[in-house]
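Trainee: Quick one, upload.cif (mmCIF, C-alpha atoms and all ligand atoms):
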data_coords
#
loop_
_atom_site.label_atom_id
_atom_site.label_comp_id
_atom_site.auth_asym_id
_atom_site.auth_seq_id
_atom_site.Cartn_x
_atom_site.Cartn_y
_atom_site.Cartn_z
CA MET A 213 -61.15 -137.23 30.61
CA LYS A 214 -64.37 -138.82 31.85
CA LYS A 215 -66.01 -135.42 31.94
CA LEU A 216 -64.87 -134.70 28.41
CA ILE A 217 -66.24 -138.01 27.17
CA ILE A 218 -69.61 -137.37 28.79
CA VAL A 219 -69.78 -133.82 27.41
CA THR A 220 -68.85 -135.06 23.94
CA LEU A 221 -71.53 -137.73 23.97
CA MET A 222 -74.11 -135.24 25.19
CA ILE A 223 -73.25 -132.86 22.38
CA MET A 224 -73.52 -135.65 19.81
CA VAL A 225 -76.89 -136.86 21.08
CA ALA A 226 -78.30 -133.35 21.36
CA SER A 227 -77.14 -132.46 17.86
CA CYS A 228 -78.61 -135.59 16.32
CA ALA A 229 -81.92 -135.17 18.07
CA ALA A 230 -82.30 -131.76 16.49
CA VAL A 231 -81.73 -132.95 12.91
CA LYS A 232 -84.43 -134.25 10.61
CA GLN A 233 -83.64 -136.80 7.96
CA THR A 234 -84.01 -134.82 4.76
CA THR A 235 -81.69 -136.53 2.28
CA ALA A 236 -81.13 -140.03 1.04
CA PRO A 237 -78.12 -142.00 2.29
CA GLY A 238 -74.92 -140.89 0.63
CA GLU A 239 -76.31 -137.62 -0.63
CA GLY A 240 -75.66 -134.00 0.20
CA ARG A 241 -73.72 -133.04 3.28
CA SER A 242 -73.59 -136.62 4.48
CA SER A 243 -71.65 -137.78 1.46
CA PRO A 244 -69.16 -140.41 2.55
CA THR A 245 -66.45 -138.52 0.74
CA VAL A 246 -66.43 -135.63 3.16
CA SER A 247 -64.89 -137.39 6.10
CA ASP A 248 -61.82 -138.67 4.38
CA PRO A 249 -58.83 -136.38 4.62
CA LYS A 250 -56.41 -138.19 2.38
CA GLY A 251 -57.96 -138.79 -0.96
CA VAL A 252 -59.34 -142.27 -0.41
CA ALA A 253 -62.18 -140.37 -1.97
CA ALA A 254 -61.71 -136.64 -2.33
CA GLY A 255 -64.35 -134.31 -1.00
CA ASP A 256 -65.96 -131.46 -2.87
CA PRO A 257 -64.68 -128.11 -1.57
CA SER A 258 -67.77 -126.32 -2.83
CA SER A 259 -70.12 -128.56 -0.88
CA PRO A 260 -72.23 -127.02 1.88
CA VAL A 261 -70.93 -129.75 4.19
CA ALA A 262 -68.12 -127.40 5.13
CA SER A 263 -70.24 -125.92 7.91
CA GLU A 264 -71.18 -129.20 9.55
CA GLY A 265 -69.92 -129.68 13.08
CA GLN A 266 -67.17 -132.25 13.52
CA ASP A 267 -67.69 -133.05 17.19
CA HIS A 268 -67.92 -136.74 16.36
CA LEU A 269 -64.18 -136.59 15.65
CA ILE A 270 -63.24 -135.38 19.12
CA LEU A 271 -62.80 -138.70 20.86
CA ALA A 272 -61.08 -140.43 17.96
CA THR A 273 -58.67 -137.53 17.50
CA LEU A 274 -57.93 -137.25 21.20
CA TRP A 275 -57.25 -140.97 21.36
CA PHE A 276 -54.81 -140.64 18.49
CA GLN A 277 -53.07 -137.64 20.05
CA LYS A 278 -53.17 -138.25 23.78
CA SER A 279 -53.43 -141.96 24.55
CA ALA A 280 -50.28 -143.84 25.50
CA GLU A 281 -52.10 -146.90 24.19
CA MET A 282 -51.91 -145.44 20.70
CA ARG A 283 -48.14 -144.98 21.00
CA ALA A 284 -47.77 -148.51 22.35
CA LEU A 285 -49.80 -149.90 19.46
CA PHE A 286 -47.63 -148.15 16.89
CA TYR A 287 -44.46 -149.43 18.53
CA GLN A 288 -45.98 -152.89 18.67
CA CYS A 289 -46.95 -152.83 15.00
CA PHE A 290 -43.60 -151.61 13.76
CA ARG A 291 -41.80 -154.13 15.98
CA ASN A 292 -43.98 -156.82 14.42
CA ALA A 293 -43.18 -155.34 11.03
CA GLU A 294 -39.44 -155.67 11.63
CA THR A 295 -39.78 -159.30 12.65
CA ALA A 296 -42.02 -160.13 9.69
CA LEU A 297 -39.75 -158.34 7.24
CA LYS A 298 -36.68 -160.18 8.43
CA GLU A 299 -38.47 -163.54 8.22
CA ASN A 300 -39.87 -162.82 4.77
CA LEU A 301 -36.47 -161.71 3.57
CA GLU A 302 -35.00 -164.99 4.76
CA LEU A 303 -37.77 -166.92 2.98
CA GLN A 304 -37.04 -164.98 -0.19
CA ARG A 305 -33.33 -165.77 0.06
CA GLN A 306 -34.07 -169.44 0.59
CA ALA A 307 -36.35 -169.39 -2.45
CA SER A 308 -33.63 -167.74 -4.54
CA ALA A 309 -31.06 -170.32 -3.45
CA ALA A 310 -33.32 -173.33 -4.01
CA PRO A 311 -33.24 -175.19 -7.33
CA GLU A 312 -36.18 -174.62 -9.65
CA PRO A 313 -38.98 -176.98 -8.64
CA HIS A 314 -39.98 -179.54 -11.25
CA THR A 315 -43.17 -180.70 -9.58
CA PRO A 316 -45.58 -178.34 -7.94
CA GLU A 317 -46.98 -181.02 -5.66
CA SER A 318 -47.66 -180.49 -1.97
CA PRO A 319 -46.66 -176.84 -1.71
CA THR A 320 -45.69 -175.54 1.68
CA VAL A 321 -47.72 -172.59 2.88
CA SER A 322 -45.87 -169.29 2.84
CA VAL A 323 -46.91 -165.72 3.31
CA LEU A 324 -44.84 -164.62 0.35
CA SER A 325 -46.74 -163.98 -2.82
CA SER A 326 -46.88 -161.67 -5.76
CA GLY A 327 -49.61 -159.82 -7.52
CA GLU A 328 -52.69 -158.02 -6.31
CA THR A 329 -55.27 -160.72 -6.04
CA GLY A 330 -54.64 -161.38 -2.37
CA GLY A 331 -56.78 -163.83 -0.48
CA THR A 332 -56.02 -167.29 0.73
CA THR A 333 -55.68 -168.91 -2.67
CA SER A 334 -53.18 -166.65 -4.36
CA ASP A 335 -51.08 -166.14 -1.26
CA SER A 336 -50.38 -169.81 -0.68
CA SER A 337 -47.29 -170.06 -2.80
CA ALA A 338 -44.34 -171.89 -1.37
CA PRO A 339 -40.82 -170.58 -1.12
CA GLY A 340 -39.32 -171.40 -4.49
CA ASP A 341 -42.67 -171.60 -6.20
CA SER A 342 -42.72 -167.96 -7.08
CA GLY A 343 -40.27 -168.43 -9.95
CA PRO A 344 -38.84 -165.17 -11.21
CA GLU A 345 -40.31 -163.35 -8.20
CA SER A 346 -37.64 -164.95 -6.03
CA HIS A 347 -34.91 -163.22 -7.99
CA LYS A 348 -36.38 -159.78 -7.71
CA LYS A 349 -35.00 -157.29 -5.25
CA PRO A 350 -36.89 -157.10 -1.95
CA ALA A 351 -39.12 -154.15 -1.16
CA VAL A 352 -41.51 -152.90 1.47
CA VAL A 353 -44.47 -150.67 0.62
CA LEU A 354 -45.78 -148.17 3.14
CA ASP A 355 -48.68 -145.78 3.16
CA ILE A 356 -47.85 -142.28 4.47
CA ASP A 357 -50.77 -140.60 6.23
CA GLU A 358 -51.60 -142.03 9.65
CA THR A 359 -49.03 -144.72 8.89
CA LEU A 360 -45.84 -142.67 8.95
CA LEU A 361 -47.03 -139.07 9.38
CA ASP A 362 -49.43 -137.83 12.04
CA ASN A 363 -52.03 -135.49 10.57
CA SER A 364 -54.23 -135.44 13.64
CA PRO A 365 -53.62 -131.70 14.13
CA PHE A 366 -55.51 -131.24 10.86
CA GLN A 367 -58.38 -133.28 12.31
CA GLY A 368 -58.29 -131.13 15.46
CA TRP A 369 -58.41 -128.01 13.32
CA GLN A 370 -61.47 -129.36 11.52
CA VAL A 371 -63.23 -129.85 14.85
CA HIS A 372 -62.40 -126.37 16.08
CA GLU A 373 -63.40 -124.78 12.78
CA LYS A 374 -66.50 -126.99 12.37
CA LYS A 375 -65.33 -127.88 8.88
CA SER A 376 -65.55 -131.13 7.02
CA PHE A 377 -62.66 -132.20 4.85
CA ASN A 378 -61.94 -130.22 1.73
CA ASN A 379 -58.96 -130.29 -0.58
CA ASP A 380 -57.99 -126.63 -0.13
CA ASP A 381 -57.71 -126.89 3.66
CA TRP A 382 -55.88 -130.19 3.37
CA PHE A 383 -53.37 -128.76 0.91
CA ARG A 384 -52.68 -125.80 3.21
CA TRP A 385 -51.84 -128.30 5.97
CA VAL A 386 -49.63 -130.38 3.69
CA GLU A 387 -47.74 -127.30 2.46
CA LEU A 388 -46.74 -126.49 6.02
CA ALA A 389 -44.76 -129.79 6.02
CA ARG A 390 -45.37 -129.86 9.76
CA ALA A 391 -46.71 -133.37 10.30
CA ARG A 392 -44.77 -135.29 12.93
CA PRO A 393 -43.62 -138.89 12.44
CA LEU A 394 -45.66 -141.58 14.12
CA PRO A 395 -43.99 -143.68 16.85
CA GLY A 396 -41.54 -146.19 15.42
CA ALA A 397 -42.10 -145.14 11.81
CA VAL A 398 -38.75 -143.53 10.96
CA GLU A 399 -36.89 -146.31 12.72
CA PHE A 400 -38.72 -148.97 10.74
CA THR A 401 -37.79 -147.44 7.38
CA ARG A 402 -34.16 -147.28 8.50
CA TYR A 403 -34.28 -150.88 9.64
CA ALA A 404 -35.68 -152.01 6.28
CA ASP A 405 -32.98 -150.02 4.52
CA SER A 406 -30.30 -151.61 6.69
CA LEU A 407 -31.48 -155.04 5.55
CA GLY A 408 -31.14 -154.02 1.92
CA VAL A 409 -34.90 -153.82 1.44
CA GLU A 410 -36.03 -151.00 -0.84
CA VAL A 411 -38.54 -148.70 0.85
CA PHE A 412 -41.41 -147.36 -1.27
CA TYR A 413 -44.18 -145.00 -0.26
CA VAL A 414 -47.54 -145.49 -1.98
CA SER A 415 -49.84 -142.72 -0.82
CA ASN A 416 -53.04 -141.00 -1.92
CA ARG A 417 -51.51 -137.64 -1.39
CA THR A 418 -51.61 -136.12 -4.86
CA VAL A 419 -48.60 -135.63 -7.09
CA GLN A 420 -49.07 -131.89 -6.55
CA GLU A 421 -48.25 -132.53 -2.90
CA MET A 422 -44.96 -134.26 -3.68
CA GLY A 423 -42.67 -131.32 -2.82
CA PRO A 424 -43.90 -130.56 0.70
CA THR A 425 -44.33 -134.27 1.43
CA ILE A 426 -40.70 -134.98 0.57
CA LYS A 427 -39.63 -131.94 2.61
CA ASN A 428 -41.68 -133.10 5.59
CA MET A 429 -40.45 -136.69 5.51
CA ALA A 430 -36.81 -135.89 4.74
CA ALA A 431 -36.69 -133.51 7.70
CA TRP A 432 -37.56 -136.39 10.03
CA GLY A 433 -35.05 -138.77 8.46
CA PHE A 434 -37.31 -141.19 6.58
CA VAL A 435 -35.20 -143.11 4.07
CA ASN A 436 -35.82 -142.71 0.34
CA ALA A 437 -37.83 -139.53 0.79
CA ASP A 438 -37.62 -138.70 -2.90
CA SER A 439 -39.78 -138.71 -6.02
CA THR A 440 -38.39 -142.06 -7.17
CA HIS A 441 -39.71 -143.89 -4.15
CA MET A 442 -42.89 -141.92 -3.62
CA LEU A 443 -45.83 -143.07 -5.74
CA LEU A 444 -48.57 -140.54 -5.19
CA LYS A 445 -52.08 -140.25 -6.58
CA GLU A 446 -52.49 -139.06 -10.15
CA THR A 447 -55.90 -140.18 -11.36
CA THR A 448 -57.19 -142.94 -9.15
CA SER A 449 -57.32 -143.62 -5.43
CA SER A 450 -56.75 -147.30 -6.04
CA LYS A 451 -53.19 -148.24 -5.26
CA VAL A 452 -53.23 -151.45 -7.28
CA GLU A 453 -51.50 -150.02 -10.37
CA ARG A 454 -48.85 -148.22 -8.33
CA ARG A 455 -48.01 -151.39 -6.40
CA ALA A 456 -47.79 -153.19 -9.74
CA LEU A 457 -45.19 -150.65 -10.87
CA VAL A 458 -43.09 -151.52 -7.84
CA GLU A 459 -43.55 -155.22 -8.55
CA LYS A 460 -42.01 -154.92 -12.01
CA ASP A 461 -38.58 -154.87 -10.44
CA TYR A 462 -39.18 -155.79 -6.82
CA GLU A 463 -40.85 -158.42 -4.75
CA ILE A 464 -42.97 -156.74 -2.09
CA LEU A 465 -42.23 -158.58 1.13
CA LEU A 466 -44.39 -156.48 3.42
CA LEU A 467 -47.13 -153.85 3.16
CA ILE A 468 -48.00 -151.42 5.93
CA GLY A 469 -50.94 -149.05 6.18
CA ASP A 470 -53.84 -147.79 8.27
CA ASN A 471 -56.38 -148.59 5.56
CA LEU A 472 -56.91 -152.12 4.25
CA ALA A 473 -56.80 -150.83 0.68
CA ASP A 474 -53.15 -149.95 1.38
CA LEU A 475 -52.49 -153.69 1.40
CA SER A 476 -54.39 -155.28 -1.47
CA GLY A 477 -57.03 -154.52 -4.07
CA VAL A 478 -59.28 -157.19 -2.62
CA TYR A 479 -60.10 -154.84 0.25
CA GLU A 480 -61.19 -151.94 -1.93
CA LYS A 481 -64.79 -153.10 -2.09
CA ARG A 482 -66.45 -154.11 1.14
CA GLY A 483 -69.76 -155.84 1.08
CA PRO A 484 -72.61 -155.46 3.54
CA ASP A 485 -70.52 -157.40 6.06
CA TYR A 486 -68.06 -154.45 6.19
CA GLY A 487 -65.37 -156.62 4.60
CA PHE A 488 -65.22 -158.93 7.61
CA GLU A 489 -65.31 -162.17 5.58
CA THR A 490 -62.42 -161.09 3.35
CA VAL A 491 -60.32 -160.18 6.35
CA ASP A 492 -61.21 -163.41 8.12
CA SER A 493 -60.15 -165.46 5.10
CA ASP A 494 -56.82 -163.61 5.00
CA ARG A 495 -56.24 -163.78 8.73
CA ARG A 496 -52.84 -165.45 8.50
CA LEU A 497 -51.50 -162.61 6.35
CA PHE A 498 -51.98 -160.02 9.08
CA GLY A 499 -48.79 -159.69 11.06
CA THR A 500 -46.86 -161.66 8.45
CA LYS A 501 -47.29 -159.93 5.10
CA TYR A 502 -49.67 -157.15 6.12
CA ILE A 503 -49.27 -154.77 9.05
CA VAL A 504 -52.31 -152.66 9.89
CA LEU A 505 -52.04 -149.57 12.04
CA PRO A 506 -54.93 -148.10 14.04
CA ASN A 507 -56.79 -145.08 12.70
CA PRO A 508 -60.14 -144.36 14.37
CA MET A 509 -60.47 -140.93 12.72
CA TYR A 510 -61.22 -141.74 9.08
CA GLY A 511 -60.74 -144.31 6.34
CA ASN A 512 -62.61 -146.55 3.96
CA TRP A 513 -64.23 -148.24 6.95
CA LEU A 514 -65.96 -144.95 7.78
CA ASN A 515 -66.76 -144.01 4.20
CA ASP A 516 -68.54 -147.30 3.71
CA LEU A 517 -70.51 -146.89 6.92
CA LEU A 518 -71.64 -143.42 5.92
CA ARG A 519 -72.52 -144.59 2.44
CA SER A 520 -74.87 -147.28 3.70
CA ALA A 521 -76.34 -145.72 6.82
CA PRO A 522 -79.66 -143.87 6.91
CA GLY A 523 -79.64 -140.30 8.15
CA SER A 524 -78.83 -136.81 6.93
CA THR A 525 -75.76 -135.84 8.91
CA GLU A 526 -72.59 -137.73 9.67
CA ARG A 527 -73.50 -137.76 13.34
CA GLU A 528 -76.94 -139.14 12.66
CA LYS A 529 -75.61 -141.85 10.38
CA LEU A 530 -72.93 -142.88 12.85
CA LEU A 531 -75.35 -143.10 15.74
CA GLN A 532 -77.74 -145.20 13.70
CA MET A 533 -74.98 -147.66 12.89
CA LEU A 534 -74.10 -148.30 16.52
CA ASP A 535 -74.89 -151.74 17.86
CA SER A 536 -76.77 -151.53 21.10
CA PHE A 537 -79.16 -153.58 23.20
MG MG B 601 -53.22 -143.67 5.51
#
What does the file become when written as structure tokens?

Mentor:
Amino acid sequence: MKKLIIVTLMIMVASCAAVKQTTAPGEGRSSPTVSDPKGVAAGDPSSPVASEGQDHLILATLWFQKSAEMRALFYQCFRNAETALKENLELQRQASAAPEPHTPESPTVSVLSSGETGGTTSDSSAPGDSGPESHKKPAVVLDIDETLLDNSPFQGWQVHEKKSFNNDDWFRWVELARARPLPGAVEFTRYADSLGVEVFYVSNRTVQEMGPTIKNMAAWGFVNADSTHMLLKETTSSKVERRALVEKDYEILLLIGDNLADLSGVYEKRGPDYGFETVDSDRRLFGTKYIVLPNPMYGNWLNDLLRSAPGSTEREKLLQMLDSF
């Protein structure tokens, strides 16, 4: 493995050294859209970026596929998710059983909240303060890709073929319905179901990908693998409206995803601090209302880096963003 790491780094450095900066940040083949496989921002299939090498994905993809640490992290996260879900369900039941509060003074801090505003202010409602929310049925919302299904073979294929993301290649992979479940994922959906919590999937797979996605997930035994519980992308990558649809009849007790935008709309726009301040201010929600899974291969974190970094290729941009001394 050490040899592979060294070879990979040498390839990256050699490739970057040979490239001149010819385009502005965010333009041409270095468009931040090209690295994102799952429609956080769809790439342009006709773009010349398709021939760019993808060696910078080797380590991240290998870590996802071959490290026992990755499996342990997924088990850890879903175990945490089970604990959090059970606790939040109990809080919801207590809120439902409590008499309507007449004075809103001195609210107790709770992780339960409704709506999409997120942040420390809106998520500080107390059990019983959420009014009609307390009488809604409980639900959990999960992302699909790199949360429940492992698409890293698609990433590996991109590396071998030296191809950036494009929708046609992605759809061919999805149609195979061959993605394997991630560690602990199927079991978590069954656990939620056993508690009487409705399981919803809010994913940026497109509605055209509904059939093979249901086939793939049903084959592995995910609960509610059907079109009623799967809210896929129609026009916008933002998941805010789709979560709001769930919230019409359900109270979302827990959200799980590999991308912060899977959790709340407040994470959709990251400032020059990479979204650190927003995450810091919400720190008590992670592990209680939000469960984040590791994905070093792609995501909004990477899109934003590529959008802001100088350089003409993805490799060049990534190297220029590295902290060093
Ligand atoms: Mg995902």

Trainee: What are the nearest atom pairs, with distances in Å to one decimal, for all residues of chain A that come at most 7 Å from ligand MG 601 (chain B), using all atoms listed in the file, set out by chain and rising residue number as a Markdown table?

Mentor:
| residue | atom | partner | partner_atom | distance |
| --- | --- | --- | --- | --- |
| A:Asp355 | CA | B:MG601 | MG | 5.5 |
| A:Ile356 | CA | B:MG601 | MG | 5.6 |
| A:Asp357 | CA | B:MG601 | MG | 4.0 |
| A:Glu358 | CA | B:MG601 | MG | 4.7 |
| A:Thr359 | CA | B:MG601 | MG | 5.5 |
| A:Gly469 | CA | B:MG601 | MG | 5.9 |
| A:Asp470 | CA | B:MG601 | MG | 5.0 |
| A:Asn471 | CA | B:MG601 | MG | 5.8 |

Trainee: Output the selection as a PDB file, in the coordinates of the input - C-alpha atoms for each residue.

Mentor:
ATOM      1  CA  ASP A 355     -48.680-145.780   3.160  1.00  0.00           C
ATOM      2  CA  ILE A 356     -47.850-142.280   4.470  1.00  0.00           C
ATOM      3  CA  ASP A 357     -50.770-140.600   6.230  1.00  0.00           C
ATOM      4  CA  GLU A 358     -51.600-142.030   9.650  1.00  0.00           C
ATOM      5  CA  THR A 359     -49.030-144.720   8.890  1.00  0.00           C
ATOM      6  CA  GLY A 469     -50.940-149.050   6.180  1.00  0.00           C
ATOM      7  CA  ASP A 470     -53.840-147.790   8.270  1.00  0.00           C
ATOM      8  CA  ASN A 471     -56.380-148.590   5.560  1.00  0.00           C
TER       9      ASN A 471
END

Trainee: From the options A:Asp494, A:Glu399, A:Asp474, A:Glu463, which residue's atoms come nearest to A:Leu303, counting only C-alpha atoms?

Mentor: A:Glu463

Trainee: Residues at most 12 Å from A:Leu360, counting all atoms listed in the file, excluding those fewer than 2 positions away in the same chain, as a ChimeraX atom specification?

Mentor: /A:286-287,289-290,353-358,362-363,391-401,413-415,425,428-429,432-435,437,468-470,504-507

Trainee: Between A:Met509, A:Asp380, A:Tyr502, A:Arg283, single out the one closest to A:Asn300, counting all atoms listed in the file.

Mentor: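 The answer is A:Tyr502, which sits nearest to A:Asn300.
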
Trainee: Taking only C-alpha atoms into account, which of A:Ala280, A:Leu269, A:Val386, A:Val491 comes nearest A:Met422?

Mentor: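 Of A:Ala280, A:Leu269, A:Val386, A:Val491, the one nearest A:Met422 is A:Val386, counting only C-alpha atoms.
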
Trainee: Would you fill the gaps in stretch 348-369 of chain A so it has N, CA and C atoms, then print it as a PDB file, in the coordinates of the input?

Mentor:
ATOM      1  N   LYS A 348     -36.205-161.234  -7.740  1.00  0.00           N
ATOM      2  CA  LYS A 348     -36.380-159.780  -7.710  1.00  0.00           C
ATOM      3  C   LYS A 348     -35.803-159.233  -6.414  1.00  0.00           C
ATOM      4  N   LYS A 349     -35.507-157.948  -6.456  1.00  0.00           N
ATOM      5  CA  LYS A 349     -35.000-157.290  -5.250  1.00  0.00           C
ATOM      6  C   LYS A 349     -36.143-157.132  -4.239  1.00  0.00           C
ATOM      7  N   PRO A 350     -35.832-157.208  -2.967  1.00  0.00           N
ATOM      8  CA  PRO A 350     -36.890-157.100  -1.950  1.00  0.00           C
ATOM      9  C   PRO A 350     -37.318-155.658  -1.722  1.00  0.00           C
ATOM     10  N   ALA A 351     -38.597-155.494  -1.422  1.00  0.00           N
ATOM     11  CA  ALA A 351     -39.120-154.150  -1.160  1.00  0.00           C
ATOM     12  C   ALA A 351     -40.191-154.215  -0.083  1.00  0.00           C
ATOM     13  N   VAL A 352     -40.386-153.076   0.552  1.00  0.00           N
ATOM     14  CA  VAL A 352     -41.510-152.900   1.470  1.00  0.00           C
ATOM     15  C   VAL A 352     -42.286-151.682   0.991  1.00  0.00           C
ATOM     16  N   VAL A 353     -43.608-151.768   1.063  1.00  0.00           N
ATOM     17  CA  VAL A 353     -44.470-150.670   0.620  1.00  0.00           C
ATOM     18  C   VAL A 353     -45.231-150.117   1.825  1.00  0.00           C
ATOM     19  N   LEU A 354     -45.104-148.815   2.013  1.00  0.00           N
ATOM     20  CA  LEU A 354     -45.780-148.170   3.140  1.00  0.00           C
ATOM     21  C   LEU A 354     -46.695-147.055   2.658  1.00  0.00           C
ATOM     22  N   ASP A 355     -47.835-146.957   3.298  1.00  0.00           N
ATOM     23  CA  ASP A 355     -48.680-145.780   3.160  1.00  0.00           C
ATOM     24  C   ASP A 355     -47.996-144.632   3.916  1.00  0.00           C
ATOM     25  N   ILE A 356     -48.471-143.416   3.758  1.00  0.00           N
ATOM     26  CA  ILE A 356     -47.850-142.280   4.470  1.00  0.00           C
ATOM     27  C   ILE A 356     -48.744-141.745   5.589  1.00  0.00           C
ATOM     28  N   ASP A 357     -49.953-141.301   5.238  1.00  0.00           N
ATOM     29  CA  ASP A 357     -50.770-140.600   6.230  1.00  0.00           C
ATOM     30  C   ASP A 357     -51.376-141.545   7.258  1.00  0.00           C
ATOM     31  N   GLU A 358     -51.156-141.218   8.502  1.00  0.00           N
ATOM     32  CA  GLU A 358     -51.600-142.030   9.650  1.00  0.00           C
ATOM     33  C   GLU A 358     -50.951-143.412   9.634  1.00  0.00           C
ATOM     34  N   THR A 359     -49.906-143.552   8.829  1.00  0.00           N
ATOM     35  CA  THR A 359     -49.030-144.720   8.890  1.00  0.00           C
ATOM     36  C   THR A 359     -47.637-144.260   9.316  1.00  0.00           C
ATOM     37  N   LEU A 360     -47.158-143.220   8.642  1.00  0.00           N
ATOM     38  CA  LEU A 360     -45.840-142.670   8.950  1.00  0.00           C
ATOM     39  C   LEU A 360     -45.918-141.248   9.486  1.00  0.00           C
ATOM     40  N   LEU A 361     -46.862-140.465   8.945  1.00  0.00           N
ATOM     41  CA  LEU A 361     -47.030-139.070   9.380  1.00  0.00           C
ATOM     42  C   LEU A 361     -48.340-138.898  10.132  1.00  0.00           C
ATOM     43  N   ASP A 362     -48.270-138.087  11.170  1.00  0.00           N
ATOM     44  CA  ASP A 362     -49.430-137.830  12.040  1.00  0.00           C
ATOM     45  C   ASP A 362     -50.100-136.515  11.611  1.00  0.00           C
ATOM     46  N   ASN A 363     -51.282-136.674  11.004  1.00  0.00           N
ATOM     47  CA  ASN A 363     -52.030-135.490  10.570  1.00  0.00           C
ATOM     48  C   ASN A 363     -53.173-135.157  11.530  1.00  0.00           C
ATOM     49  N   SER A 364     -53.119-135.693  12.724  1.00  0.00           N
ATOM     50  CA  SER A 364     -54.230-135.440  13.640  1.00  0.00           C
ATOM     51  C   SER A 364     -54.408-133.963  13.984  1.00  0.00           C
ATOM     52  N   PRO A 365     -53.358-133.127  13.925  1.00  0.00           N
ATOM     53  CA  PRO A 365     -53.620-131.700  14.130  1.00  0.00           C
ATOM     54  C   PRO A 365     -54.581-131.125  13.074  1.00  0.00           C
ATOM     55  N   PHE A 366     -54.555-131.679  11.886  1.00  0.00           N
ATOM     56  CA  PHE A 366     -55.510-131.240  10.860  1.00  0.00           C
ATOM     57  C   PHE A 366     -56.931-131.647  11.278  1.00  0.00           C
ATOM     58  N   GLN A 367     -57.059-132.842  11.835  1.00  0.00           N
ATOM     59  CA  GLN A 367     -58.380-133.280  12.310  1.00  0.00           C
ATOM     60  C   GLN A 367     -58.855-132.362  13.440  1.00  0.00           C
ATOM     61  N   GLY A 368     -57.937-132.024  14.366  1.00  0.00           N
ATOM     62  CA  GLY A 368     -58.290-131.130  15.460  1.00  0.00           C
ATOM     63  C   GLY A 368     -58.724-129.770  14.956  1.00  0.00           C
ATOM     64  N   TRP A 369     -58.043-129.303  13.931  1.00  0.00           N
ATOM     65  CA  TRP A 369     -58.410-128.010  13.320  1.00  0.00           C
ATOM     66  C   TRP A 369     -59.815-128.085  12.731  1.00  0.00           C
TER      67      TRP A 369
END
